[in-house]
file model18.pdb (PDB, C-alpha atoms)
ATOM      1  CA  MET A 201      18.316 -16.097  36.235
ATOM      2  CA  SER A 202      16.846 -16.017  32.713
ATOM      3  CA  ASP A 203      20.344 -16.543  31.254
ATOM      4  CA  ILE A 204      20.843 -19.587  33.499
ATOM      5  CA  ARG A 205      17.486 -21.021  32.424
ATOM      6  CA  SER A 206      18.250 -20.411  28.750
ATOM      7  CA  ASP A 207      21.639 -22.079  29.096
ATOM      8  CA  LEU A 208      20.078 -25.071  30.881
ATOM      9  CA  LEU A 209      17.369 -25.437  28.256
ATOM     10  CA  GLY A 210      19.976 -25.142  25.530
ATOM     11  CA  ARG A 211      22.023 -27.938  27.101
ATOM     12  CA  VAL A 212      18.910 -30.118  27.401
ATOM     13  CA  ASP A 213      18.088 -29.528  23.748
ATOM     14  CA  ASP A 214      21.663 -30.301  22.648
ATOM     15  CA  TRP A 215      21.476 -33.554  24.623
ATOM     16  CA  ARG A 216      18.142 -34.425  23.000
ATOM     17  CA  SER A 217      19.526 -33.729  19.517
ATOM     18  CA  GLY A 218      22.614 -35.829  20.252
ATOM     19  CA  GLU A 219      20.542 -38.763  21.473
ATOM     20  CA  LEU A 220      18.290 -38.613  18.417
ATOM     21  CA  ALA A 221      21.310 -38.480  16.113
ATOM     22  CA  ARG A 222      22.796 -41.488  17.908
ATOM     23  CA  GLY A 223      19.487 -43.330  17.520
ATOM     24  CA  ARG A 224      19.403 -42.609  13.786
ATOM     25  CA  GLY A 225      22.835 -44.193  13.472
ATOM     26  CA  THR A 226      21.735 -47.421  15.143
ATOM     27  CA  ASP A 227      21.191 -50.552  13.096
ATOM     28  CA  LEU A 228      17.494 -50.996  13.922
ATOM     29  CA  ASP A 229      17.318 -54.418  12.304
ATOM     30  CA  ALA A 230      19.957 -55.612  14.754
ATOM     31  CA  VAL A 231      18.155 -53.977  17.665
ATOM     32  CA  LEU A 232      14.869 -55.689  16.819
ATOM     33  CA  VAL A 233      16.369 -59.179  16.906
ATOM     34  CA  SER A 234      17.274 -61.007  20.113
ATOM     35  CA  SER A 235      20.394 -63.066  20.723
ATOM     36  CA  ARG A 236      18.377 -66.173  19.773
ATOM     37  CA  GLY A 237      17.489 -64.680  16.393
ATOM     38  CA  LEU A 238      13.851 -64.016  17.360
ATOM     39  CA  PRO A 239      12.035 -60.634  17.386
ATOM     40  CA  HIS A 240      11.859 -58.801  20.700
ATOM     41  CA  PRO A 241       8.102 -58.255  21.400
ATOM     42  CA  PHE A 242       8.837 -56.112  24.458
ATOM     43  CA  GLY A 243      12.594 -55.701  24.268
ATOM     44  CA  GLN A 244      14.903 -53.026  22.976
ATOM     45  CA  SER A 245      12.493 -51.890  20.255
ATOM     46  CA  THR A 246       9.952 -50.984  22.950
ATOM     47  CA  ILE A 247      12.606 -49.145  24.931
ATOM     48  CA  ARG A 248      13.592 -47.278  21.775
ATOM     49  CA  ASP A 249       9.963 -46.258  21.174
ATOM     50  CA  PHE A 250       9.563 -45.058  24.753
ATOM     51  CA  LYS A 251      12.737 -42.982  24.401
ATOM     52  CA  ARG A 252      11.435 -41.356  21.231
ATOM     53  CA  VAL A 253       8.127 -40.498  22.884
ATOM     54  CA  ALA A 254      10.047 -39.034  25.839
ATOM     55  CA  PHE A 255      12.158 -36.922  23.487
ATOM     56  CA  SER A 256       9.009 -35.691  21.711
ATOM     57  CA  ALA A 257       7.382 -34.806  25.038
ATOM     58  CA  LEU A 258      10.524 -32.927  26.061
ATOM     59  CA  ASP A 259      10.577 -31.076  22.750
ATOM     60  CA  CYS A 260       6.882 -30.232  23.183
ATOM     61  CA  ALA A 261       7.619 -28.865  26.681
ATOM     62  CA  LEU A 262      10.440 -26.720  25.286
ATOM     63  CA  ALA A 263       8.117 -25.436  22.553
ATOM     64  CA  HIS A 264       5.580 -24.412  25.201
ATOM     65  CA  TRP A 265       8.299 -22.789  27.320
ATOM     66  CA  TYR A 266       9.310 -20.569  24.411
ATOM     67  CA  MET A 267       5.730 -20.255  23.056
ATOM     68  CA  VAL A 268       6.830 -21.461  19.632
ATOM     69  CA  PRO A 269       3.991 -21.101  17.065
ATOM     70  CA  GLY A 270       2.212 -24.318  16.172
ATOM     71  CA  LEU A 271       1.825 -25.698  19.697
ATOM     72  CA  GLN A 272      -1.346 -27.606  18.770
ATOM     73  CA  PHE A 273       0.702 -29.634  16.281
ATOM     74  CA  HIS A 274       3.351 -30.426  18.909
ATOM     75  CA  ARG A 275       0.634 -31.674  21.265
ATOM     76  CA  LEU A 276      -1.039 -33.777  18.581
ATOM     77  CA  ARG A 277       2.270 -35.393  17.658
ATOM     78  CA  VAL A 278       2.887 -36.466  21.279
ATOM     79  CA  ARG A 279      -0.692 -37.740  21.594
ATOM     80  CA  LEU A 280      -0.307 -39.878  18.473
ATOM     81  CA  GLU A 281       2.961 -41.334  19.747
ATOM     82  CA  ILE A 282       1.401 -42.215  23.111
ATOM     83  CA  ASN A 283      -1.558 -43.817  21.319
ATOM     84  CA  SER A 284       0.814 -45.875  19.197
ATOM     85  CA  LEU A 285       2.451 -47.242  22.363
ATOM     86  CA  GLN A 286      -0.811 -47.920  24.193
ATOM     87  CA  ARG A 287      -2.375 -49.679  21.204
ATOM     88  CA  ARG A 288       0.765 -51.065  19.611
ATOM     89  CA  LEU A 289      -0.794 -54.486  18.943
ATOM     90  CA  ARG A 290      -3.794 -52.918  17.180
ATOM     91  CA  TRP A 291      -1.943 -50.320  15.132
ATOM     92  CA  PRO A 292      -0.637 -51.331  11.672
ATOM     93  CA  VAL A 293       3.147 -51.422  11.469
ATOM     94  CA  SER A 294       3.149 -48.744   8.743
ATOM     95  CA  ALA A 295       1.185 -46.322  10.943
ATOM     96  CA  ARG A 296       3.453 -46.900  13.958
ATOM     97  CA  SER A 297       6.547 -46.473  11.814
ATOM     98  CA  LEU A 298       5.235 -43.185  10.430
ATOM     99  CA  VAL A 299       4.417 -41.742  13.854
ATOM    100  CA  LEU A 300       7.501 -42.952  15.707
ATOM    101  CA  ASP A 301      10.207 -42.852  13.028
ATOM    102  CA  ARG A 302       9.315 -39.935  10.720
ATOM    103  CA  THR A 303      10.441 -36.964  12.779
ATOM    104  CA  ILE A 304       8.967 -33.552  11.969
ATOM    105  CA  GLU A 305      11.605 -30.808  11.998
ATOM    106  CA  PRO A 306      10.650 -28.194  14.650
ATOM    107  CA  ALA A 307      11.001 -25.310  12.177
ATOM    108  CA  SER A 308       8.214 -26.861  10.079
ATOM    109  CA  TYR A 309       5.711 -26.102  12.850
ATOM    110  CA  LEU A 310       6.078 -22.381  12.053
ATOM    111  CA  GLY A 311       4.586 -22.993   8.623
ATOM    112  CA  PHE A 312       1.940 -25.262  10.118
ATOM    113  CA  HIS A 313       0.863 -22.433  12.420
ATOM    114  CA  PHE A 314       0.482 -19.903   9.592
ATOM    115  CA  ALA A 315      -1.341 -22.319   7.298
ATOM    116  CA  ALA A 316      -3.800 -23.427   9.982
ATOM    117  CA  LYS A 317      -4.418 -19.840  11.106
ATOM    118  CA  PHE A 318      -5.195 -18.461   7.662
ATOM    119  CA  LEU A 319      -7.048 -21.397   6.163
ATOM    120  CA  ALA A 320     -10.203 -19.449   7.055
ATOM    121  CA  ARG A 321     -12.658 -22.154   6.035
ATOM    122  CA  ASP A 322     -15.415 -23.952   7.903
ATOM    123  CA  LYS A 323     -14.727 -26.913   5.640
ATOM    124  CA  LEU A 324     -11.965 -28.025   3.331
ATOM    125  CA  GLY A 325     -14.272 -29.179   0.550
ATOM    126  CA  ASN A 326     -12.354 -31.276  -1.960
ATOM    127  CA  TYR A 327      -8.895 -31.200  -0.385
ATOM    128  CA  LEU A 328      -5.478 -31.810  -1.970
ATOM    129  CA  ASP A 329      -2.138 -31.901  -0.159
ATOM    130  CA  VAL A 330       1.101 -32.189  -2.092
ATOM    131  CA  SER A 331       4.229 -33.378  -0.234
ATOM    132  CA  SER A 332       3.687 -31.490   3.037
ATOM    133  CA  PRO A 333       5.174 -33.076   6.182
ATOM    134  CA  TRP A 334       2.698 -35.852   7.035
ATOM    135  CA  LEU A 335       1.519 -34.321  10.323
ATOM    136  CA  PHE A 336      -0.005 -31.290   8.599
ATOM    137  CA  PRO A 337      -2.563 -32.968   6.273
ATOM    138  CA  PHE A 338      -3.425 -35.437   9.035
ATOM    139  CA  THR A 339      -4.180 -32.547  11.416
ATOM    140  CA  MET A 340      -6.218 -30.693   8.794
ATOM    141  CA  LEU A 341      -8.354 -33.756   8.127
ATOM    142  CA  SER A 342      -8.744 -34.336  11.873
ATOM    143  CA  ASN A 343     -10.019 -30.799  12.535
ATOM    144  CA  TYR A 344     -11.818 -29.669   9.390
ATOM    145  CA  PRO A 345     -14.669 -31.454   7.594
ATOM    146  CA  ALA A 346     -13.697 -32.462   4.055
ATOM    147  CA  THR A 347     -15.812 -33.716   1.182
ATOM    148  CA  SER A 348     -12.896 -35.782  -0.158
ATOM    149  CA  ALA A 349      -9.109 -35.839   0.191
ATOM    150  CA  THR A 350      -6.207 -36.559  -2.155
ATOM    151  CA  LEU A 351      -2.752 -36.802  -0.576
ATOM    152  CA  LEU A 352       0.438 -36.975  -2.641
ATOM    153  CA  THR A 353       3.357 -38.047  -0.445
ATOM    154  CA  VAL A 354       6.101 -40.667  -0.308
ATOM    155  CA  ARG A 355       4.618 -41.518   3.121
ATOM    156  CA  ALA A 356       1.355 -42.633   1.475
ATOM    157  CA  PRO A 357       1.174 -46.189   2.928
ATOM    158  CA  GLY A 358       1.808 -45.024   6.502
ATOM    159  CA  LEU A 359      -0.475 -41.998   6.225
ATOM    160  CA  ARG A 360      -3.253 -44.116   4.731
ATOM    161  CA  SER A 361      -2.971 -46.555   7.649
ATOM    162  CA  LEU A 362      -2.877 -43.746  10.207
ATOM    163  CA  LEU A 363      -6.002 -42.083   8.793
ATOM    164  CA  GLY A 364      -7.818 -45.417   8.993
ATOM    165  CA  THR A 365      -6.532 -46.192  12.498
ATOM    166  CA  GLU A 366      -7.546 -42.813  13.921
ATOM    167  CA  ARG A 367     -10.860 -42.920  12.022
ATOM    168  CA  VAL A 368     -10.690 -39.430  10.586
ATOM    169  CA  GLY A 369     -14.156 -38.519   9.320
ATOM    170  CA  ILE A 370     -14.272 -37.679   5.605
ATOM    171  CA  LYS A 371     -17.573 -37.773   3.746
ATOM    172  CA  GLY A 372     -16.072 -38.882   0.435
ATOM    173  CA  LYS A 373     -13.123 -41.115  -0.300
ATOM    174  CA  THR A 374      -9.488 -40.523   0.618
ATOM    175  CA  ARG A 375      -6.780 -41.283  -1.908
ATOM    176  CA  CYS A 376      -3.079 -41.488  -0.992
ATOM    177  CA  PHE A 377      -0.476 -41.699  -3.737
ATOM    178  CA  ASP A 378       3.275 -42.085  -3.366
ATOM    179  CA  ASN A 379       4.049 -40.648  -6.807
ATOM    180  CA  ASP A 380       2.982 -37.768  -9.005
ATOM    181  CA  VAL A 381      -0.412 -38.418 -10.650
ATOM    182  CA  SER A 382      -2.599 -36.689 -13.217
ATOM    183  CA  LEU A 383      -5.348 -34.563 -11.621
ATOM    184  CA  ASP A 384      -8.398 -32.963 -13.209
ATOM    185  CA  ASP A 385      -8.599 -29.211 -13.814
ATOM    186  CA  ASN A 386     -10.585 -27.043 -11.366
ATOM    187  CA  SER A 387     -11.225 -29.982  -9.032
ATOM    188  CA  TYR A 388     -10.043 -28.880  -5.542
ATOM    189  CA  ASP A 389     -11.393 -26.266  -3.137
ATOM    190  CA  THR A 390      -8.312 -26.295  -0.866
ATOM    191  CA  ILE A 391      -4.708 -27.154  -1.742
ATOM    192  CA  THR A 392      -1.818 -27.196   0.715
ATOM    193  CA  SER A 393       1.832 -27.759  -0.174
ATOM    194  CA  LEU A 394       4.283 -26.966   2.633
ATOM    195  CA  TRP A 395       7.968 -27.477   1.914
ATOM    196  CA  ASP A 396       9.550 -30.603   3.379
ATOM    197  CA  PRO A 397      13.314 -31.013   2.799
ATOM    198  CA  ASN A 398      12.949 -34.777   3.257
ATOM    199  CA  GLU A 399      10.236 -35.173   0.611
ATOM    200  CA  GLU A 400      11.168 -36.969  -2.613
ATOM    201  CA  LEU A 401       7.831 -37.131  -4.386
ATOM    202  CA  GLY A 402       9.040 -36.090  -7.834
ATOM    203  CA  GLN A 403      10.486 -33.200  -9.789
ATOM    204  CA  PHE A 404       7.212 -31.633 -10.904
ATOM    205  CA  ALA A 405       4.858 -32.480  -8.019
ATOM    206  CA  ARG A 406       4.936 -28.929  -6.561
ATOM    207  CA  GLU A 407       5.042 -27.075  -9.888
ATOM    208  CA  VAL A 408       2.886 -24.016  -9.254
ATOM    209  CA  ARG A 409       1.208 -24.036 -12.681
ATOM    210  CA  SER A 410      -0.066 -27.559 -11.973
ATOM    211  CA  LEU A 411      -1.312 -26.598  -8.502
ATOM    212  CA  TRP A 412      -3.091 -23.531  -9.907
ATOM    213  CA  ARG A 413      -4.609 -25.571 -12.741
ATOM    214  CA  VAL A 414      -6.346 -28.037 -10.414
ATOM    215  CA  LEU A 415      -7.547 -25.348  -7.951
ATOM    216  CA  LYS A 416     -11.180 -24.311  -8.360
ATOM    217  CA  PRO A 417     -12.046 -20.627  -8.945
ATOM    218  CA  GLY A 418     -12.615 -19.185  -5.473
ATOM    219  CA  GLY A 419     -10.360 -21.877  -3.957
ATOM    220  CA  THR A 420      -7.420 -21.453  -1.564
ATOM    221  CA  LEU A 421      -3.787 -22.489  -2.029
ATOM    222  CA  LEU A 422      -1.333 -22.532   0.911
ATOM    223  CA  LEU A 423       2.262 -22.805  -0.291
ATOM    224  CA  SER A 424       5.678 -22.568   1.357
ATOM    225  CA  VAL A 425       9.173 -22.536  -0.152
ATOM    226  CA  PRO A 426      12.703 -21.982   1.213
ATOM    227  CA  CYS A 427      13.835 -18.380   0.811
ATOM    228  CA  ILE A 428      16.878 -16.146   1.189
ATOM    229  CA  LYS A 429      17.651 -12.425   1.001
ATOM    230  CA  LYS A 430      19.709 -12.780  -2.154
ATOM    231  CA  GLY A 431      20.128 -16.089  -3.955
ATOM    232  CA  GLY A 432      22.512 -17.363  -6.578
ATOM    233  CA  GLU A 433      21.161 -20.514  -8.224
ATOM    234  CA  GLN A 434      17.748 -20.426  -9.861
ATOM    235  CA  PRO A 435      15.261 -22.637  -7.967
ATOM    236  CA  SER A 436      13.247 -25.318  -9.760
ATOM    237  CA  ALA A 437       9.973 -27.053  -8.905
ATOM    238  CA  ASN A 438      11.378 -29.404  -6.284
ATOM    239  CA  CYS A 439      14.882 -27.999  -5.803
ATOM    240  CA  PRO A 440      16.162 -27.075  -2.318
ATOM    241  CA  SER A 441      17.767 -23.873  -3.644
ATOM    242  CA  PRO A 442      16.073 -21.000  -1.757
ATOM    243  CA  TYR A 443      14.058 -18.323  -3.544
ATOM    244  CA  ASP A 444      14.989 -14.651  -3.309
ATOM    245  CA  ALA A 445      12.474 -11.864  -4.034
ATOM    246  CA  ASP A 446      13.285 -11.833  -7.769
ATOM    247  CA  ALA A 447      12.886 -15.603  -8.077
ATOM    248  CA  LEU A 448       9.555 -15.450  -6.249
ATOM    249  CA  GLU A 449       8.297 -12.833  -8.690
ATOM    250  CA  SER A 450       9.393 -14.728 -11.806
ATOM    251  CA  HIS A 451       8.632 -18.321 -10.714
ATOM    252  CA  ILE A 452       5.585 -17.946  -8.450
ATOM    253  CA  PHE A 453       3.896 -14.526  -8.472
ATOM    254  CA  GLU A 454       3.763 -14.295 -12.276
ATOM    255  CA  VAL A 455       1.736 -17.510 -12.229
ATOM    256  CA  LEU A 456      -0.327 -17.189  -9.037
ATOM    257  CA  GLY A 457      -0.501 -13.413  -8.602
ATOM    258  CA  GLN A 458       0.356 -11.765  -5.302
ATOM    259  CA  PRO A 459      -0.385 -13.666  -2.068
ATOM    260  CA  LYS A 460      -3.295 -12.577   0.088
ATOM    261  CA  ARG A 461      -1.147 -13.106   3.186
ATOM    262  CA  TYR A 462       2.390 -14.242   3.806
ATOM    263  CA  ALA A 463       4.946 -14.730   6.584
ATOM    264  CA  ILE A 464       8.736 -15.035   6.389
ATOM    265  CA  TYR A 465      10.447 -17.117   9.079
ATOM    266  CA  GLY A 466      14.178 -17.302   9.688
ATOM    267  CA  ALA A 467      16.981 -17.323  12.262
ATOM    268  CA  GLN A 468      18.072 -14.011  13.779
ATOM    269  CA  THR A 469      21.752 -14.944  13.702
ATOM    270  CA  LEU A 470      24.063 -17.417  12.025
ATOM    271  CA  THR A 471      25.552 -18.538  15.326
ATOM    272  CA  ARG A 472      24.406 -20.969  17.997
ATOM    273  CA  GLY A 473      26.040 -20.229  21.326
ATOM    274  CA  ASP A 474      29.766 -19.899  20.692
ATOM    275  CA  LYS A 475      29.678 -22.033  17.536
ATOM    276  CA  LYS A 476      29.542 -20.518  14.077
ATOM    277  CA  VAL A 477      26.955 -22.257  11.924
ATOM    278  CA  PRO A 478      27.505 -22.048   8.143
ATOM    279  CA  PRO A 479      24.565 -20.672   6.122
ATOM    280  CA  GLU A 480      24.091 -23.964   4.301
ATOM    281  CA  GLY A 481      23.582 -25.630   7.687
ATOM    282  CA  ARG A 482      20.762 -23.276   8.652
ATOM    283  CA  ASN A 483      18.081 -24.401   6.219
ATOM    284  CA  ALA A 484      14.710 -23.333   7.507
ATOM    285  CA  ALA A 485      13.415 -26.855   7.991
ATOM    286  CA  GLY A 486      16.595 -28.888   7.909
ATOM    287  CA  GLY A 487      19.075 -30.353  10.338
ATOM    288  CA  SER A 488      18.334 -31.457  13.900
ATOM    289  CA  VAL A 489      17.406 -28.023  15.265
ATOM    290  CA  GLY A 490      15.303 -28.352  18.418
ATOM    291  CA  SER A 491      12.384 -26.275  19.654
ATOM    292  CA  SER A 492      14.547 -24.385  22.156
ATOM    293  CA  VAL A 493      16.735 -23.137  19.282
ATOM    294  CA  ILE A 494      13.632 -22.147  17.328
ATOM    295  CA  GLY A 495      12.243 -20.335  20.359
ATOM    296  CA  ARG A 496      15.485 -18.483  21.103
ATOM    297  CA  ASP A 497      16.715 -17.681  17.630
ATOM    298  CA  TRP A 498      13.887 -17.683  15.090
ATOM    299  CA  ARG A 499      11.425 -14.900  14.353
ATOM    300  CA  CYS A 500       8.971 -13.654  11.736
ATOM    301  CA  TYR A 501      10.247 -11.047   9.261
ATOM    302  CA  SER A 502       8.266  -8.627   7.121
ATOM    303  CA  ARG A 503      10.906  -8.165   4.381
ATOM    304  CA  PHE A 504      13.533 -10.290   2.690
ATOM    305  CA  GLN A 505      16.214  -7.673   3.366
ATOM    306  CA  GLU A 506      15.912  -8.378   7.102
ATOM    307  CA  LEU A 507      16.827 -12.067   6.725
ATOM    308  CA  PRO A 508      20.394 -12.794   7.923
ATOM    309  CA  GLY A 509      20.356 -16.236   6.294
ATOM    310  CA  PRO A 510      18.027 -18.912   4.813
ATOM    311  CA  GLY A 511      14.400 -18.994   5.877
ATOM    312  CA  VAL A 512      10.937 -20.108   4.781
ATOM    313  CA  ILE A 513       8.135 -18.028   3.274
ATOM    314  CA  VAL A 514       4.568 -19.302   3.742
ATOM    315  CA  MET A 515       1.908 -17.825   1.456
ATOM    316  CA  LYS A 516      -1.847 -17.919   1.022
ATOM    317  CA  PHE A 517      -3.256 -17.505  -2.499
ATOM    318  CA  SER A 518      -6.895 -17.306  -3.533
ATOM    319  CA  ARG A 519      -7.893 -18.053  -7.099
ATOM    320  CA  PRO A 520     -10.343 -15.332  -8.161
ATOM    321  CA  GLU A 521     -13.642 -16.314  -9.687
ATOM    322  CA  HIS A 522     -13.405 -13.254 -11.912
ATOM    323  CA  LYS A 523     -10.080 -11.619 -12.750
ATOM    324  CA  SER A 524      -9.706  -8.153 -11.246
ATOM    325  CA  LYS A 525      -6.539  -6.114 -11.723
ATOM    326  CA  ALA A 526      -7.555  -3.541  -9.108
ATOM    327  CA  THR A 527      -7.896  -6.195  -6.417
ATOM    328  CA  SER A 528      -4.520  -7.733  -7.306
ATOM    329  CA  ILE A 529      -2.714  -4.389  -7.136
ATOM    330  CA  ALA A 530      -4.351  -3.416  -3.853
ATOM    331  CA  LEU A 531      -3.208  -6.627  -2.186
ATOM    332  CA  THR A 532       0.429  -6.506  -3.383
ATOM    333  CA  PRO A 533       2.725  -7.017  -0.362
ATOM    334  CA  ARG A 534       6.059  -5.218  -0.116
ATOM    335  CA  LEU A 535       8.658  -7.978  -0.033
ATOM    336  CA  ASN A 536      11.596  -5.707  -0.902
TER     337      ASN A 536
END
call {"tool": "encode", "arguments": {"input": "model18.pdb", "output": "structure tokens"}}
result
Amino acid sequence: MSDIRSDLLGRVDDWRSGELARGRGTDLDAVLVSSRGLPHPFGQSTIRDFKRVAFSALDCALAHWYMVPGLQFHRLRVRLEINSLQRRLRWPVSARSLVLDRTIEPASYLGFHFAAKFLARDKLGNYLDVSSPWLFPFTMLSNYPATSATLLTVRAPGLRSLLGTERVGIKGKTRCFDNDVSLDDNSYDTITSLWDPNEELGQFAREVRSLWRVLKPGGTLLLSVPCIKKGGEQPSANCPSPYDADALESHIFEVLGQPKRYAIYGAQTLTRGDKKVPPEGRNAAGGSVGSSVIGRDWRCYSRFQELPGPGVIVMKFSRPEHKSKATSIALTPRLN
């Protein structure tokens, strides 16, 4: 019976992915205009939005069925989409477009879960997010008190509108930038930067030396990057090439020290059903992989050698107030 259920859920997820792919190929400008050349206030665009909310609700149900980590983020995404439909005339267009059109890849929720679990703060303090998928900084600011917030993302206009629409409470000011900006040294208590394959903020936005420079002593940095058991090309600051253990040591750990905690997520196999999926098609947060595939095929690994293909490593770093070699050595994780 479990095999029948898994097969049924797999077919449902394949259908959902196919419908979403078909929707992405639609000329939306043509859909939004009626035969008389006037916008459709309650026409096909509304039907399209309802379909997308239905797909998100279905994906959320599949995530709950498989108990995929990050369920709170799935639920929040559906709630935001429903709110955008109920209050469509009061929501700015940029906020509605962000919520309804900027799909979050299901694999990204794994990193969301780790980052939210190990933030370990009653408050964010001065908060900086650099190019994470938009749902993550929005959720952090909705659930944790922050003194101020600086968000660097190409989705800045939509995220700024959404934060204002949902009235997220921040004591200080919130700044959203859609390009890389100069930030002061030792100015942020909490920094998050979770890898988004669709982000195009700039070549040096996620450069770890810059992130470490602006983090206050005693502050927390949550960082994720694509990873692989053994890589070929050397990764750069904003390059999709995955990091292997050697690249992590030379590009990240030599700058930040060893992470306090980490998790490695990846697929258990390189096949989906009877179809062989090439390694380049199994990026940890890429493609149109649904929650049922994540639930069936993805898991958390303790070592790089266990990864059968590409994955994502999520890490928590704490900048010490006073340098201590003994503490750094004691907390060294065994990645190899």
call {"tool": "closest_residue", "arguments": {"input": "model18.pdb", "among": "A:Val293, A:Leu276, A:Ile304, A:Leu351", "to": "Gly490 (chain A)", "atoms": "only C-alpha atoms"}}
result
A:Ile304
call {"tool": "residues_around", "arguments": {"input": "model18.pdb", "residues": "region 335-347 of chain A", "least_positions_apart": "6", "cutoff": "6 Å", "atoms": "only C-alpha atoms", "output": "ChimeraX atom specification"}}
result
/A:323-326,368,370-372
call {"tool": "closest_residue", "arguments": {"input": "model18.pdb", "among": "A:Pro397, A:Pro357, A:Pro333, A:Pro269", "to": "Ser297 (chain A)", "atoms": "only C-alpha atoms"}}
result
A:Pro357
call {"tool": "residues_around", "arguments": {"input": "model18.pdb", "residues": "Lys317 (chain A)", "least_positions_apart": "3", "cutoff": "12 Å", "atoms": "all atoms listed in the file", "output": "number ranges by chain"}}
result
A: 269-270, 272, 310-314, 320-321, 340, 422, 461-463, 514-516
call {"tool": "resolve_selection", "arguments": {"input": "model18.pdb", "expression": "the PyMOL selection byres ((chain A and resi 506) around 10)", "output": "list in words"}}
result
Ile428, Lys429, Ile464, Gly466, Gln468, Cys500, Tyr501, Ser502, Arg503, Phe504, Gln505, Leu507, Pro508, Gly509 and Asn536 of chain A
call {"tool": "resolve_selection", "arguments": {"input": "model18.pdb", "expression": "the PyMOL selection byres ((chain A and resi 354) around 6)", "output": "PyMOL selection string"}}
result
chain A and resi 353+355-356+378+401
call {"tool": "resolve_selection", "arguments": {"input": "model18.pdb", "expression": "the PyMOL selection byres ((chain A and resi 495) around 8)", "output": "ChimeraX atom specification"}}
result
/A:263,266-268,491-494,496-498
call {"tool": "atom_distance", "arguments": {"input": "model18.pdb", "atom1": "CA of Pro459 (chain A)", "atom2": "CA of Pro520 (chain A)"}}
result
11.8 Å
call {"tool": "atom_distance", "arguments": {"input": "model18.pdb", "atom1": "CA of Asn386 (chain A)", "atom2": "CA of Glu521 (chain A)"}}
result
11.3 Å
call {"tool": "atom_distance", "arguments": {"input": "model18.pdb", "atom1": "CA of Ser424 (chain A)", "atom2": "CA of Thr365 (chain A)"}}
result
28.8 Å
call {"tool": "residues_around", "arguments": {"input": "model18.pdb", "residues": "Ala349 (chain A)", "least_positions_apart": "5", "cutoff": "7 Å", "atoms": "only C-alpha atoms", "output": "list in words"}}
result
Asn326, Tyr327, Leu328, Lys373, Thr374 and Arg375 of chain A
call {"tool": "closest_residue", "arguments": {"input": "model18.pdb", "among": "A:Ser308, A:Val253, A:Trp265, A:Gly358", "to": "Arg279 (chain A)", "atoms": "only C-alpha atoms"}}
result
A:Val253
call {"tool": "axis_aligned_box", "arguments": {"input": "model18.pdb", "around": "region 265-281 of chain A", "padding_each_side": "4 Å", "output": "AutoDock Vina command-line options"}}
result
--center_x 4.0 --center_y -30.8 --center_z 21.7 --size_x 18.7 --size_y 29.1 --size_z 19.1
